[in-house]
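**Student:** Okay, handing you the structure first.
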Amino acid sequence: MCGRYTSTRSPEDLTQLFRVTDWRPEEALAPSWNVAPTDEVYAILERAGRGDDDEVRRRLRAVRWGLVPSWAKDPKVGARMINARVETVHEKPAYRRAFAKRRCLLPADGFYEWEPIKDEATGKVRKQPYFITPSDGQVMAMAGLYEYWRNPDVASADDPDAWLTTCTIITTEATDAAGRVHPRMPLALTPDHYDTWLDPRHQDTDDLRALLTRPADGLLTVRPVSTAVNNVRNNGAHLLDAPS
């Protein structure tokens, strides 16, 4: 699975990198070296406007990590739906409609995974975090899905609080450098596939699944980092320091 990642690029950088035409400055997020489930994260998506504005535009939005299906009774289910397996994402009731119509890109600098390590002196097992990132330092465009959930406690659908927008990361079996740390990893897209993936009018599930690749085509750097990242309350560039 992918349970933590880093996202430190500014919205100005992301709008340029992904050719975004619509974003809201009031949704700007602080850089994070410890993005955790239920956090607000950046998502690049394509969607038509409301009312008279029916043009499909590429948008940068702040959404909550942990997908809440439209039919969910309680938004708390999102905390358990941070990842969707590529093997079944087009079939599972919670994801199949979003896979057909509501796909997004979730930009990241890299992601974390943990490896159990036994202390030979004490016999205790501790979890050593590793940071996995493209070797060339380029942004990772993790493949994701997004969904809208209507809050029944808010009477007016025009009230911003009436809607919750959430997302999930699509994962696959790890077969490269990341695989020695954890068996699953996020999928990514290359720039030449952004347009097709984001286009809500493209709904051929076989074609869409064929677009998904390993981050950086498997050219990843894996290195141990500070155990401070184990605590979701910790944040800052120091989390990427080598373990002491």
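Chain labels run A, B, ... following the order of the structure tokens; each chain numbers its residues from 1, and ligands are numbered from 1 in the order shown.
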Using DSSP secondary structure from the backbone, list all strand (DSSP E or B) positions within segment 101-181 of chain A, as an MDAnalysis selection string.

**Tutor:** chainID A and resid 103:108 110:118 125:134 140:150 163:173

**Student:** Here is a test: counting only C-alpha atoms, which residue of A:Leu17, A:Ala72, A:Leu29, A:Ala79 is nearest to Asn151 of chain A?

**Tutor:**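 Smallest separation from Asn151 of chain A among the options: A:Ala72.
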
**Student:** Would you kindly return, as a PyMOL selection string, each protein, DNA or RNA residue with an atom no farther than 7 Å from any atom of segment 90-99 of chain A, considering only C-alpha atoms and excluding same-chain residues fewer than 3 positions away?

**Tutor:** chain A and resi 69+102-103+145-147+205

**Student:** Go ahead and dump the residues you just picked, all heavy atoms, as an mmCIF file, in the first residue's frame.

**Tutor:**
data_model
loop_
_atom_site.group_PDB
_atom_site.id
_atom_site.type_symbol
_atom_site.label_atom_id
_atom_site.label_comp_id
_atom_site.auth_asym_id
_atom_site.auth_seq_id
_atom_site.Cartn_x
_atom_site.Cartn_y
_atom_site.Cartn_z
ATOM 1 N N PRO A 69 -17.196 6.805 -1.069
ATOM 2 C CA PRO A 69 -18.153 6.599 -2.166
ATOM 3 C C PRO A 69 -19.394 7.468 -1.984
ATOM 4 O O PRO A 69 -19.784 7.793 -0.856
ATOM 5 C CB PRO A 69 -18.503 5.110 -2.052
ATOM 6 C CG PRO A 69 -17.371 4.498 -1.289
ATOM 7 C CD PRO A 69 -16.896 5.561 -0.345
ATOM 8 N N ARG A 102 -14.014 9.619 -13.059
ATOM 9 C CA ARG A 102 -13.417 10.611 -12.166
ATOM 10 C C ARG A 102 -12.002 10.186 -11.775
ATOM 11 O O ARG A 102 -11.748 9.727 -10.660
ATOM 12 C CB ARG A 102 -14.308 10.801 -10.925
ATOM 13 C CG ARG A 102 -15.597 11.559 -11.239
ATOM 14 C CD ARG A 102 -16.477 11.740 -10.019
ATOM 15 N NE ARG A 102 -17.084 10.482 -9.603
ATOM 16 C CZ ARG A 102 -18.185 9.966 -10.149
ATOM 17 N NH1 ARG A 102 -18.794 10.601 -11.143
ATOM 18 N NH2 ARG A 102 -18.680 8.823 -9.716
ATOM 19 N N ARG A 103 -11.096 10.358 -12.715
ATOM 20 C CA ARG A 103 -9.693 10.017 -12.491
ATOM 21 C C ARG A 103 -8.891 11.293 -12.250
ATOM 22 O O ARG A 103 -9.240 12.368 -12.753
ATOM 23 C CB ARG A 103 -9.141 9.253 -13.698
ATOM 24 C CG ARG A 103 -9.868 7.934 -13.958
ATOM 25 C CD ARG A 103 -9.388 7.276 -15.237
ATOM 26 N NE ARG A 103 -9.593 8.113 -16.415
ATOM 27 C CZ ARG A 103 -10.726 8.162 -17.110
ATOM 28 N NH1 ARG A 103 -11.760 7.422 -16.741
ATOM 29 N NH2 ARG A 103 -10.834 8.948 -18.164
ATOM 30 N N LEU A 145 -8.125 8.335 -8.097
ATOM 31 C CA LEU A 145 -9.537 8.528 -8.389
ATOM 32 C C LEU A 145 -10.084 9.533 -7.388
ATOM 33 O O LEU A 145 -9.583 9.635 -6.264
ATOM 34 C CB LEU A 145 -10.316 7.210 -8.247
ATOM 35 C CG LEU A 145 -9.773 5.983 -8.964
ATOM 36 C CD1 LEU A 145 -10.633 4.776 -8.617
ATOM 37 C CD2 LEU A 145 -9.717 6.202 -10.465
ATOM 38 N N TYR A 146 -11.115 10.270 -7.791
ATOM 39 C CA TYR A 146 -11.750 11.173 -6.845
ATOM 40 C C TYR A 146 -13.257 10.954 -6.877
ATOM 41 O O TYR A 146 -13.821 10.414 -7.829
ATOM 42 C CB TYR A 146 -11.395 12.633 -7.144
ATOM 43 C CG TYR A 146 -12.003 13.204 -8.407
ATOM 44 C CD1 TYR A 146 -13.171 13.961 -8.354
ATOM 45 C CD2 TYR A 146 -11.404 13.010 -9.657
ATOM 46 C CE1 TYR A 146 -13.729 14.501 -9.511
ATOM 47 C CE2 TYR A 146 -11.948 13.537 -10.804
ATOM 48 C CZ TYR A 146 -13.111 14.289 -10.727
ATOM 49 O OH TYR A 146 -13.658 14.808 -11.878
ATOM 50 N N GLU A 147 -13.897 11.365 -5.802
ATOM 51 C CA GLU A 147 -15.338 11.148 -5.672
ATOM 52 C C GLU A 147 -15.958 12.278 -4.858
ATOM 53 O O GLU A 147 -15.276 12.922 -4.041
ATOM 54 C CB GLU A 147 -15.594 9.796 -4.990
ATOM 55 C CG GLU A 147 -17.033 9.335 -4.969
ATOM 56 C CD GLU A 147 -17.629 9.217 -6.361
ATOM 57 O OE1 GLU A 147 -18.137 10.252 -6.851
ATOM 58 O OE2 GLU A 147 -17.578 8.118 -6.952
ATOM 59 N N THR A 205 -12.069 0.951 -19.961
ATOM 60 C CA THR A 205 -11.275 0.553 -18.797
ATOM 61 C C THR A 205 -9.997 -0.194 -19.172
ATOM 62 O O THR A 205 -8.974 -0.047 -18.492
ATOM 63 C CB THR A 205 -12.115 -0.311 -17.841
ATOM 64 O OG1 THR A 205 -12.642 -1.436 -18.553
ATOM 65 C CG2 THR A 205 -13.265 0.492 -17.258
#

**Student:** Between A:Pro191, A:Pro134, A:Pro200, A:Pro116, which is the closest to Leu220 of chain A once you count only C-alpha atoms?

**Tutor:** A:Pro134

**Student:** Report, in Å with one decimal, the straight-line distance from atom CA of Pro31 of chain A to atom CA of Arg9 of chain A.

**Tutor:** 6.7 Å

**Student:** Compile the contact shell of Trp23 of chain A as an MDAnalysis selection string: residues with an atom at most 10 Å away, counting only C-alpha atoms, same-chain residues fewer than 4 positions apart removed.

**Tutor:** chainID A and resid 11:12 15 27:28 44 58:62

**Student:** Just the selected residues (all heavy atoms), exported as a PDB file, in the first residue's frame, please.

**Tutor:**
ATOM      1  N   PRO A  11       1.765  25.357  -5.694  1.00  0.00           N
ATOM      2  CA  PRO A  11       0.709  25.305  -6.715  1.00  0.00           C
ATOM      3  C   PRO A  11       1.129  25.971  -8.021  1.00  0.00           C
ATOM      4  O   PRO A  11       0.703  25.549  -9.100  1.00  0.00           O
ATOM      5  CB  PRO A  11      -0.467  26.025  -6.049  1.00  0.00           C
ATOM      6  CG  PRO A  11       0.118  26.795  -4.927  1.00  0.00           C
ATOM      7  CD  PRO A  11       1.321  26.035  -4.478  1.00  0.00           C
ATOM      8  N   GLU A  12       1.995  26.974  -7.926  1.00  0.00           N
ATOM      9  CA  GLU A  12       2.488  27.616  -9.151  1.00  0.00           C
ATOM     10  C   GLU A  12       3.307  26.630  -9.986  1.00  0.00           C
ATOM     11  O   GLU A  12       3.170  26.578 -11.218  1.00  0.00           O
ATOM     12  CB  GLU A  12       3.340  28.844  -8.798  1.00  0.00           C
ATOM     13  CG  GLU A  12       2.562  30.003  -8.220  1.00  0.00           C
ATOM     14  CD  GLU A  12       2.242  29.840  -6.726  1.00  0.00           C
ATOM     15  OE1 GLU A  12       2.798  28.894  -6.105  1.00  0.00           O
ATOM     16  OE2 GLU A  12       1.454  30.636  -6.190  1.00  0.00           O
ATOM     17  N   THR A  15       0.791  23.922 -11.468  1.00  0.00           N
ATOM     18  CA  THR A  15      -0.025  24.392 -12.591  1.00  0.00           C
ATOM     19  C   THR A  15       0.786  24.424 -13.879  1.00  0.00           C
ATOM     20  O   THR A  15       0.258  24.146 -14.959  1.00  0.00           O
ATOM     21  CB  THR A  15      -0.618  25.785 -12.307  1.00  0.00           C
ATOM     22  OG1 THR A  15       0.431  26.694 -11.969  1.00  0.00           O
ATOM     23  CG2 THR A  15      -1.617  25.733 -11.170  1.00  0.00           C
ATOM     24  N   GLU A  27      -7.285  27.671  -1.956  1.00  0.00           N
ATOM     25  CA  GLU A  27      -7.110  26.260  -1.646  1.00  0.00           C
ATOM     26  C   GLU A  27      -5.637  25.861  -1.523  1.00  0.00           C
ATOM     27  O   GLU A  27      -5.323  24.680  -1.416  1.00  0.00           O
ATOM     28  CB  GLU A  27      -7.774  25.389  -2.716  1.00  0.00           C
ATOM     29  CG  GLU A  27      -9.293  25.449  -2.710  1.00  0.00           C
ATOM     30  CD  GLU A  27      -9.921  24.416  -3.634  1.00  0.00           C
ATOM     31  OE1 GLU A  27      -9.173  23.648  -4.282  1.00  0.00           O
ATOM     32  OE2 GLU A  27     -11.155  24.377  -3.702  1.00  0.00           O
ATOM     33  N   ALA A  28      -4.737  26.840  -1.531  1.00  0.00           N
ATOM     34  CA  ALA A  28      -3.311  26.527  -1.458  1.00  0.00           C
ATOM     35  C   ALA A  28      -2.986  25.770  -0.173  1.00  0.00           C
ATOM     36  O   ALA A  28      -3.470  26.109   0.915  1.00  0.00           O
ATOM     37  CB  ALA A  28      -2.489  27.810  -1.534  1.00  0.00           C
ATOM     38  N   ILE A  44      -4.920  16.843  -9.514  1.00  0.00           N
ATOM     39  CA  ILE A  44      -5.153  17.431 -10.834  1.00  0.00           C
ATOM     40  C   ILE A  44      -6.248  16.618 -11.487  1.00  0.00           C
ATOM     41  O   ILE A  44      -6.163  15.391 -11.575  1.00  0.00           O
ATOM     42  CB  ILE A  44      -3.872  17.421 -11.692  1.00  0.00           C
ATOM     43  CG1 ILE A  44      -2.801  18.328 -11.076  1.00  0.00           C
ATOM     44  CG2 ILE A  44      -4.174  17.881 -13.113  1.00  0.00           C
ATOM     45  CD1 ILE A  44      -1.794  17.616 -10.237  1.00  0.00           C
ATOM     46  N   ARG A  58      -8.804  21.672 -17.024  1.00  0.00           N
ATOM     47  CA  ARG A  58      -7.875  20.988 -16.133  1.00  0.00           C
ATOM     48  C   ARG A  58      -7.715  21.832 -14.876  1.00  0.00           C
ATOM     49  O   ARG A  58      -7.302  22.979 -14.938  1.00  0.00           O
ATOM     50  CB  ARG A  58      -6.531  20.757 -16.811  1.00  0.00           C
ATOM     51  CG  ARG A  58      -5.575  19.920 -15.958  1.00  0.00           C
ATOM     52  CD  ARG A  58      -4.420  19.399 -16.765  1.00  0.00           C
ATOM     53  NE  ARG A  58      -4.865  18.501 -17.831  1.00  0.00           N
ATOM     54  CZ  ARG A  58      -4.050  17.908 -18.695  1.00  0.00           C
ATOM     55  NH1 ARG A  58      -2.732  18.123 -18.609  1.00  0.00           N
ATOM     56  NH2 ARG A  58      -4.529  17.124 -19.634  1.00  0.00           N
ATOM     57  N   ARG A  59      -8.022  21.212 -13.746  1.00  0.00           N
ATOM     58  CA  ARG A  59      -8.105  21.957 -12.500  1.00  0.00           C
ATOM     59  C   ARG A  59      -7.161  21.384 -11.439  1.00  0.00           C
ATOM     60  O   ARG A  59      -6.927  20.175 -11.403  1.00  0.00           O
ATOM     61  CB  ARG A  59      -9.555  21.935 -11.979  1.00  0.00           C
ATOM     62  CG  ARG A  59     -10.568  22.421 -13.013  1.00  0.00           C
ATOM     63  CD  ARG A  59     -12.005  22.122 -12.604  1.00  0.00           C
ATOM     64  NE  ARG A  59     -12.933  22.419 -13.691  1.00  0.00           N
ATOM     65  CZ  ARG A  59     -13.580  23.561 -13.847  1.00  0.00           C
ATOM     66  NH1 ARG A  59     -13.398  24.538 -12.958  1.00  0.00           N
ATOM     67  NH2 ARG A  59     -14.390  23.759 -14.865  1.00  0.00           N
ATOM     68  N   LEU A  60      -6.652  22.266 -10.583  1.00  0.00           N
ATOM     69  CA  LEU A  60      -5.888  21.861  -9.408  1.00  0.00           C
ATOM     70  C   LEU A  60      -6.789  22.082  -8.206  1.00  0.00           C
ATOM     71  O   LEU A  60      -7.258  23.194  -7.969  1.00  0.00           O
ATOM     72  CB  LEU A  60      -4.612  22.695  -9.272  1.00  0.00           C
ATOM     73  CG  LEU A  60      -3.723  22.384  -8.056  1.00  0.00           C
ATOM     74  CD1 LEU A  60      -3.119  21.000  -8.159  1.00  0.00           C
ATOM     75  CD2 LEU A  60      -2.621  23.442  -7.915  1.00  0.00           C
ATOM     76  N   ARG A  61      -7.048  21.013  -7.463  1.00  0.00           N
ATOM     77  CA  ARG A  61      -7.975  21.099  -6.346  1.00  0.00           C
ATOM     78  C   ARG A  61      -7.362  20.478  -5.086  1.00  0.00           C
ATOM     79  O   ARG A  61      -6.553  19.549  -5.158  1.00  0.00           O
ATOM     80  CB  ARG A  61      -9.282  20.362  -6.676  1.00  0.00           C
ATOM     81  CG  ARG A  61     -10.123  21.056  -7.730  1.00  0.00           C
ATOM     82  CD  ARG A  61     -10.755  22.322  -7.167  1.00  0.00           C
ATOM     83  NE  ARG A  61     -11.560  23.015  -8.157  1.00  0.00           N
ATOM     84  CZ  ARG A  61     -11.131  24.043  -8.890  1.00  0.00           C
ATOM     85  NH1 ARG A  61      -9.881  24.462  -8.755  1.00  0.00           N
ATOM     86  NH2 ARG A  61     -11.940  24.647  -9.749  1.00  0.00           N
ATOM     87  N   ALA A  62      -7.786  20.980  -3.946  1.00  0.00           N
ATOM     88  CA  ALA A  62      -7.442  20.379  -2.668  1.00  0.00           C
ATOM     89  C   ALA A  62      -8.560  19.413  -2.301  1.00  0.00           C
ATOM     90  O   ALA A  62      -9.726  19.801  -2.220  1.00  0.00           O
ATOM     91  CB  ALA A  62      -7.294  21.455  -1.596  1.00  0.00           C
TER      92      ALA A  62
END

**Student:** Just the alpha helix (DSSP H) stuff from segment 69-164 of chain A, please, per backbone DSSP, written as a ChimeraX atom specification.

**Tutor:** /A:96-101

**Student:** Please measure the separation of atom CA of Thr227 of chain A and atom CA of Val125 of chain A, giving the value in Å to one decimal.

**Tutor:**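 For atom CA of Thr227 of chain A relative to atom CA of Val125 of chain A, the distance reads 13.5 Å.
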
**Student:** Just give me the gap between atom CA of Gly66 of chain A and atom CA of Ile170 of chain A in Å, one decimal is fine.

**Tutor:**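 Interatomic distance, atom CA of Gly66 of chain A to atom CA of Ile170 of chain A: 11.6 Å.
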
**Student:** So that I can see what lies close to Met140 of chain A, please list as a list in words the residues with an atom at most 7 Å from it, counting only C-alpha atoms and leaving out residues fewer than 5 positions away in the same chain.

**Tutor:**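 Residues near the query, excluding close chain neighbours: Pro107, Ala108, Asp109, Gly110, Ala188 and Pro215 of chain A.
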
**Student:** Export, as a compact mmCIF listing (two decimals), in the first residue's frame, the selected residues with all heavy atoms.

**Tutor:**
# COMPACT_ATOMS: atom_id res chain seq x y z
N PRO A 107 0.13 14.58 -7.28
CA PRO A 107 1.57 14.84 -7.38
C PRO A 107 2.30 14.58 -6.07
O PRO A 107 1.82 14.91 -4.99
CB PRO A 107 1.63 16.33 -7.76
CG PRO A 107 0.35 16.90 -7.22
CD PRO A 107 -0.67 15.81 -7.33
N ALA A 108 3.47 13.96 -6.18
CA ALA A 108 4.27 13.63 -5.00
C ALA A 108 5.75 13.74 -5.35
O ALA A 108 6.14 13.56 -6.51
CB ALA A 108 3.95 12.22 -4.51
N ASP A 109 6.55 14.01 -4.34
CA ASP A 109 8.01 13.98 -4.50
C ASP A 109 8.50 12.54 -4.35
O ASP A 109 9.50 12.15 -4.93
CB ASP A 109 8.69 14.85 -3.45
CG ASP A 109 8.11 16.25 -3.41
OD1 ASP A 109 7.93 16.84 -4.48
OD2 ASP A 109 7.83 16.74 -2.29
N GLY A 110 7.82 11.79 -3.52
CA GLY A 110 8.17 10.40 -3.25
C GLY A 110 7.22 9.86 -2.19
O GLY A 110 6.35 10.58 -1.69
N ALA A 188 1.89 5.22 -11.45
CA ALA A 188 2.10 6.58 -11.90
C ALA A 188 1.80 6.68 -13.39
O ALA A 188 1.57 5.68 -14.06
CB ALA A 188 3.54 7.03 -11.61
N PRO A 215 6.24 4.13 -10.95
CA PRO A 215 6.83 5.46 -10.87
C PRO A 215 8.22 5.49 -11.49
O PRO A 215 9.04 4.61 -11.25
CB PRO A 215 6.90 5.73 -9.36
CG PRO A 215 5.81 4.88 -8.79
CD PRO A 215 5.79 3.64 -9.64

**Student:** My list of candidates is A:Ala210, A:Val35, A:Leu67, A:Ala100. Which is closest to Glu87 of chain A when distances are computed with only C-alpha atoms?

**Tutor:**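 The answer is A:Ala210, which sits nearest to Glu87 of chain A.
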
**Student:** Measuring atom to atom with only C-alpha atoms, identify which of A:Gly144, A:Gly49, A:Gly3, A:Gly218 is nearest to Ala36 of chain A.

**Tutor:**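 Ranked by minimum distance to Ala36 of chain A, first place goes to A:Gly3.
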
**Student:** Pick the closest to Asp217 of chain A from A:Pro186, A:Pro129, A:Pro243, A:Pro152: which is it, counting only C-alpha atoms?

**Tutor:**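 Of the candidates, the smallest distance to Asp217 of chain A is held by A:Pro186.
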
**Student:** When you count only C-alpha atoms, which of these residues is closest to Tyr5 of chain A: A:Asn230, A:Lys118, A:Arg80, A:Thr196?

**Tutor:**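 Selected residue with least distance to Tyr5 of chain A: A:Asn230.
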
**Student:** Show which residues sit within 10 Å of Asn34 of chain A, as a list in words. Count only C-alpha atoms, and ignore same-chain residues fewer than 3 positions away.

**Tutor:** Gly3, Arg4, Tyr5, Thr6, Ser7, Thr8, Pro31, Pro37, Asp39, Phe111, Tyr112, Ala228, Val229, Asn230, Asn231, Val232, Arg233, Asn234, Asn235, Gly236, Ala237, Leu239 and Leu240 of chain A
